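Trainee: Attaching a single structure in structure tokens format; questions to follow.
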Amino acid sequence: MNINDIETLVLLRQSGEIAPADLARLNEALAADPAAAGHARRLDRLAGLARTPADETALPSFVRERILHEARSLARAGEHTERRAHRWSFGVRLAAAAAVALLLGLPVLFLGVSKTAAPVLVNVPVAPAPAALDDGLLAAIVDDGLAADVDALRLNLTAGLPAGDDLALAIGDEDELLNQLASSLLLEQM
Amino acid sequence: MDDQVAKWLADYRAGDPSALGALVEHTRRPLFSFILRMMPRGADAEDIFQEVWFKAIRSLDQFKDGSFHNWLFRITHNLLIDRSRRKRPETSLQEERAENMTLEDVLADPAPTPVDEADDRDLGLRIRAAVEQLSPEQREVFLLRTEGDVPFKDIAVIQGVSINTALGRMQYAMHRLRSLLETEYADLNRCGG
């Protein structure tokens, strides 16, 4: 075994990565060659002496405190993000319902109610026939608190509304997302 | 992953801040000594150690399995690369060291003295000064092994090279140190160990 191979195996032995068969070969080579054995000992000693003494690796306490402070700040920011994510999920649910309606070929109805229950109005290019309004979708909209009940909702949407009439959209204070979604989806429909 | 480290990680993720403190202390010696030896100034080493932990805390959800210790060294490697791109390395033979000795003073001793077991610390200082003469890649491999106790297979991942290249860099580093230290290296054998 040449000296390079011996060095390689010594390094792998130091790191704990030497295979058992290679360790046996190395031990055999070192036993047979005192010069190689001396070289291996120097390599081991060099690695040991090169290590910085423990008393030179002390860390000022303020560094540790800053790290812990950063962790606490991140934890607080994470809680705030979680609360905001819950609000957004409401809009995401409504967007999913509207996307399903589009796929089913229904006119997209966007309804929003203000927190003071102002009239709910929607911008629709064509007034749908009563039979075309999906009960399930209307029910889902009522369930989400966007309208009082299904019948009133259907009546409002269909009775006395000329086709193509534009209606105002009332937006609640948490519904800026709904406004944006309404605009984009209605534009798609047109 | 070490069982204790895994427990501290789990406790920290569950909201126990003291577990983070334990993790920081557990990795302090290998990580800080590695950074200290990679950088020419101790003040920067503290900042880098802090920054490594900031990055680790922010990206902890990306750490799933494997050695947490080696993951930290990977973050450290990337951080040191970023810093080196922003400023030139400043190691020179005339750079004053904390002991008010220049590197040249430490290395260019015209009268080599016999190694004395009681002077291991002095010899260690000479070795550490010689390590600063290594190329950045060789120095990093050498320090990841001797200070960080990182296996070669993980050093290869950290440096983005094959394990044979990592081993080769370590061998070149050892050869260079032997040539720099000469008499001291020859006497290592007589000191035993």
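Naming scheme: A, B, ... for chains in displayed order of the structure tokens; residues 1 onward per chain; ligands 1 onward as shown.
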Residues of chain B were defined as contacting chain A if any atom lay at most 9 Å from it, counting only C-alpha atoms; please report them as a ChimeraX atom specification.
Mentor: /B:15,17-18,20-21,24-25,28-30,32-34,36-37,46-47,49-51,53-54,57-58,120-121,123-128,131,142-143,145-147,149-153,167-168,170-171,174,185-189,192-193
Trainee: Between B:Glu184, B:Ser179, B:Phe73, B:Leu60, which one has atoms that come closest to B:Val141, using only C-alpha atoms?
Mentor: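 Checking each candidate against B:Val141, we get B:Phe73 as the closest.
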